[in-house]
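Below is one structure, written out as structure tokens; comments come after it.
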Amino acid sequence: MKPRRNVWAGFGSTAWLIVVALPLYVMISATIQTQQGYSSHGPLSFPTTFTLDNYVGAFTSGFGLYFINTLIVTLSVVAIVVVLVPPLCYSIVRSRSRFATGVFRLFLLGLAVPSTAVIVPIFYLISVAGLYDNLLGVILPTAAFALPVCTLIMSGTMRDITPELYEAMAVDGATPVRTFFQLVMPLSKGGLSTIIVFSALQAWNGFLFPLILTQSESTRVITLGLFNFQTQYGVNVPGLLAAVVLSMLPVLLVYLFARRALVQGLMGMGGK
Amino acid sequence: MTTLAPRKRSARSGGPSVGRPGAVWAVPATIFFALFALVPLIFVGVLSFTSWSGLADPVFVGFDNWVKLIADPILTKSFGLTGLFVILGLITQTPLSILLGVWAAGHQKNRAVLSAIYFVPLLLSSAAISILWRALLDPNFGIPGQLPWLFGDGNLFGKQASAIAVLTFVSMWQFTPFHTLIYQGAARAIPPVLYQAAQIDGAGTVRQFFSVTLPQLRNSIITSGILMVVGGLTTFDTVLILTNGGPGTDTTITAFYMYQKAFRAFDFGQASAIAVVLVVIATAISLLVVRLSGYDKMQSAQEGI
């Protein structure tokens with residue numbers, strides 16, 4: 001776009017790199033120091049001690065359990081999304097009924113509902129349903145709030161399938177079920193991986209619903225575990241940050257190996 | 001969204017109607033979504049006319065919550081703070097993410113590598129980000145203690161101005177990558193021929209940015225702006241972890257106040273009334289921006305991503 005070197009852009013981009021990377025560096029450097037080393041030298045100094053005790057400490061204070069809980073929530077949310085969204089989008093894209101058009105509008109409208117605003121009624125509904133302090137109570141609303149964006153992404157993908165292919169299937173006398181499994185799903189793999197990554201990220205990083213819908217140790221997820229660590233061991237910064245690093249690790253691994261799907265999933269957050 | 005409209009038509013109309021799915025295919029997802037997202041939205045309005053402490057059943061109390069709402073000085077203060085927080089977010093994140101997005105839209109290799117690092121904050125939960133910054137900015141063990149020439153006495157959470165600055169900065173750190181992503185996609189969609197034309201007319205880089213890039217990014221600026229406003233209005237996890245609304249109630253923005261009313265004071269009716277106000281304001285602002293900008297009337301193919 002700009003053929004000649006742009007000094008100001010180089011300067012600005014480096015400055016922002018420092019803003020983004022410095023905290024991440026400080027975080028990692030803090031976690032490999034002893035608490036005493038960290039507090040006596042300050043966060044910006046180069047580590048002079050080395051230890052992995054902080055990570056061990058995070059696990060012994062219950063992090064393993066939080067990890068499993070978060071994994072259960074994440075997998076369940078992804079499962080719900082994967083089961084519900086493709087048939088929905090197939091109907092939105094191909095059905096001739098007015099209902100399907102209305103449904104699409106409904107989901108577009110749903111994009112604008114901020115989850116913060118409905119925490120009170122959700123708390124009420126989940127309590128009445130007897131799902132308070134139960135992982136299922138976290139899973140259901142988390143999945144529901146991931147649906148609008150996933151619907152938008154998935155219907156976009158399915159619209160890219162040319163009508164000729166559908167017609168060819170129809171000429172062969174294929175039922176909607178067969179068309180769905182033999183044509184639509186194989187050609188929507190890109191969209192499918194995007195919605196999997198998006199919903200997994202939402203579930204893994206979710207904080208609001210676990211905060212208001214669970215309370216006991218046995219149903220605690222990672223984000224809530226971090227929050228609790230902070231109030232309990234706020235002074236032990238290296239220990240706390242080790243827990244933060246552990247919570248990020250799975251997402252960062254996905255970022256390394258599935259960057260494309262992840263970035264597309266994130267774009268989806270903009271409702272585009 | 002609008003770009004999809006013409007294609008949608010071609011896929012739906014025409015062709016044989018054999019083998020088309022019925023509306024039944026959409027029913028399970030719709031019911032599920034309605035139950036957990038739309039019913040609560042309606043229900044929050046109902047709850048705002050009740051008194052409920054979370055234990056017994058809600059009791060209908062008419063307009064009590066709404067009367068109390070008007071007379072609540074903390075709520076009035078929270079509106080001002082929320083407005084300030086939203087505006088600070090807009091003026092810090094918008095220019096930065098436009099510049100970064102346009103920059104990252106270039107296909108140079110080093111830009112791709114740097115962009116990969118820029119996007120890392122996006123992957124992290126608000127909880128992790130807030131805890132990280134809380135630790136980094138700790139008055140005793142954090143960065144401020146090490147750089148007194150920059151941070152003075154170092155207690156950033158003890159004064160209103162610096163506490164708001166911290167919240168604004170952390171939001172910027174957290175959300176700029178996302179808006180950068182929007183602008184990056186939009187900037188890549190600008191036809192190169194526009195830049196070629198500008199070059200022939202003798203426009204330099206800066207002139208090209210203001211006369212070609214910015215006007216072409218118009219719709220993305222609106223989209224990203226709406227997301228920032230709605231996001232800022234409903235932010236509360238960052239506030240909860242970083243400042244807990246303090247010092248005093250000096251960073252108690254409306255969404256956080258609602259949370260406090262509900263889950264600390266167990267006054268769910270009052271909290272519902274606040275939630276209704278939030279939803280109405282967020283919707284009104286979005287509609288207003290869309291209307292004023294003429295976004296809804298635009299049919300151009302050069303919009304958004």
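Letters A, B, ... mark the chains of the structure tokens in the order given; residue numbers begin at 1 per chain; ligand numbers begin at 1, in order shown.
All residues in stretch 25-209 of chain B with a DSSP state of strand (DSSP E or B), computed from the backbone, read B:Thr50, B:Ser51, B:Val59, B:Phe60.
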Excluding stretch 255-257 of chain B and its own-chain neighbours fewer than 5 positions away, which residues fall within 8 Å of it when counting only C-alpha atoms? Please give them as a short mmCIF file (atom, residue, chain, number, x, y, z; two decimals) with C-alpha atoms, in the first residue's frame.
data_model
loop_
_atom_site.label_atom_id
_atom_site.label_comp_id
_atom_site.auth_asym_id
_atom_site.auth_seq_id
_atom_site.Cartn_x
_atom_site.Cartn_y
_atom_site.Cartn_z
CA THR A 116 -24.63 -7.84 31.72
CA ALA A 117 -28.14 -6.40 31.48
CA LEU B 75 -27.06 6.18 40.52
CA SER B 78 -22.88 6.57 38.10
CA LEU B 233 -22.02 0.85 29.12
CA THR B 234 -22.07 -2.77 30.23
CA THR B 235 -18.48 -3.15 31.41
CA PHE B 236 -18.33 -4.35 34.91
CA ASP B 237 -15.83 -7.21 35.35
CA VAL B 239 -14.32 -2.44 37.44
CA LEU B 240 -15.09 -5.25 39.88
CA GLY B 245 -16.05 0.75 42.29
CA ALA B 275 -30.74 -2.96 34.00
CA LEU B 278 -29.03 0.38 30.69
#
Problem set entry | Every residue of stretch 3-152 of chain A that DSSP places in alpha helix (DSSP H), as a PyMOL selection string | chain A and resi 7-31+35-41+53-58+64-94+98-110+119-128+135-152
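For the set B:Ile226, B:Val193, B:Val279, B:Ile70, the residue with the smallest atom-to-atom gap to chain A is B:Val279, counting only C-alpha atoms.
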Skipping near chain neighbours, those fewer than 3 positions away, what residues fall within 12 Å of A:Thr194 using only C-alpha atoms, listed as an mmCIF file with C-alpha atoms, in the first residue's frame?
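Result file follows (around_39.cif):
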data_model
loop_
_atom_site.group_PDB
_atom_site.id
_atom_site.type_symbol
_atom_site.label_atom_id
_atom_site.label_comp_id
_atom_site.auth_asym_id
_atom_site.auth_seq_id
_atom_site.Cartn_x
_atom_site.Cartn_y
_atom_site.Cartn_z
ATOM 1 C CA VAL A 78 -19.254 -26.030 21.886
ATOM 2 C CA VAL A 81 -23.536 -24.621 19.458
ATOM 3 C CA VAL A 82 -22.432 -27.262 16.955
ATOM 4 C CA VAL A 149 -22.609 -14.415 16.431
ATOM 5 C CA CYS A 150 -22.280 -18.089 15.473
ATOM 6 C CA THR A 151 -25.501 -17.874 13.474
ATOM 7 C CA LEU A 152 -24.203 -14.855 11.611
ATOM 8 C CA ILE A 153 -20.894 -16.543 10.788
ATOM 9 C CA MET A 154 -22.435 -19.870 9.820
ATOM 10 C CA GLY A 156 -22.626 -16.385 5.842
ATOM 11 C CA THR A 157 -20.647 -19.536 5.073
ATOM 12 C CA SER A 188 -19.264 -25.464 5.669
ATOM 13 C CA LYS A 189 -16.186 -26.773 7.447
ATOM 14 C CA GLY A 190 -14.554 -23.348 7.501
ATOM 15 C CA GLY A 191 -17.519 -21.726 9.191
ATOM 16 C CA VAL A 197 -13.247 -21.601 18.164
ATOM 17 C CA PHE A 198 -15.418 -18.575 18.906
ATOM 18 C CA SER A 199 -17.780 -20.373 21.270
ATOM 19 C CA ALA A 200 -14.911 -22.195 22.972
ATOM 20 C CA LEU A 201 -13.174 -18.892 23.603
ATOM 21 C CA ALA A 258 -5.276 -22.436 14.622
ATOM 22 C CA ARG A 259 -4.594 -18.751 14.269
ATOM 23 C CA ARG A 260 -6.762 -18.324 11.202
ATOM 24 C CA ALA A 261 -9.910 -19.830 12.661
ATOM 25 C CA LEU A 262 -9.324 -17.963 15.891
ATOM 26 C CA VAL A 263 -8.887 -14.566 14.264
ATOM 27 C CA GLN A 264 -11.988 -15.170 12.174
ATOM 28 C CA GLY A 265 -13.869 -16.177 15.274
ATOM 29 C CA LEU A 266 -12.746 -12.985 16.970
ATOM 30 C CA MET A 267 -13.857 -10.926 13.996
ATOM 31 C CA GLY A 268 -17.195 -12.583 14.593
ATOM 32 C CA MET A 269 -17.387 -10.848 17.951
#
Exercise. So how far away is atom CA of B:Leu156 from atom CA of B:Gln174, in Å?
Worked result: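 Separation between atom CA of B:Gln174 and atom CA of B:Leu156: 18.7 Å.
Nearest-residue note for chain A: choosing from B:Ala284, B:Val24, B:Leu90, B:Ala198, the minimum distance belongs to B:Val24, counting only C-alpha atoms.
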Problem set entry | Nearest residue to chain A from the set B:Thr168, B:Ser272, B:Thr176, B:Thr254 (distances using only C-alpha atoms) |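 Smallest distance to chain A is found for B:Ser272.
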Exercise. Looking at only C-alpha atoms, which of A:Tyr38, A:Trp16, A:Phe227, A:Tyr55 is the one that sits closest to B:Arg134?
Worked result: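 Comparing A:Tyr38, A:Trp16, A:Phe227, A:Tyr55 against B:Arg134, the winner is A:Phe227.
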For this session: Compare B:Thr94, B:Asn110, B:Asn155, B:Asn65 by their minimum atom-to-atom distance to chain A, counting only C-alpha atoms, and give me the closest one.
Result: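 Closest to chain A, using only C-alpha atoms: B:Asn110.
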Exercise. Contacts of stretch 8-10 of chain A at 10 Å or less, counting only C-alpha atoms, minus same-chain residues fewer than 5 places along, as a VMD selection string?
Worked result: (chain A and resid 15) or (chain B and resid 99 to 100 103 111)
Written selection (C-alpha atoms) as a PDB file, in the first residue's frame:
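Ended up saving to out15.pdb:
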ATOM      1  CA  ALA A  15       5.628   1.932  20.878  1.00  0.00           C
TER       2      ALA A  15
ATOM      3  CA  LEU B  99      -3.971   3.762  12.839  1.00  0.00           C
ATOM      4  CA  LEU B 100      -2.985   0.257  13.914  1.00  0.00           C
ATOM      5  CA  TRP B 103      -0.939  -0.170   9.409  1.00  0.00           C
ATOM      6  CA  ARG B 111       3.620  -6.397  10.103  1.00  0.00           C
TER       7      ARG B 111
END
For this session: Might you pull out every residue within 7 Å of stretch 66-72 of chain A, with only C-alpha atoms counted and same-chain residues fewer than 6 positions away left off, and present them as an NGL selection string?
Result: :A and (204 or 219-222 or 225)
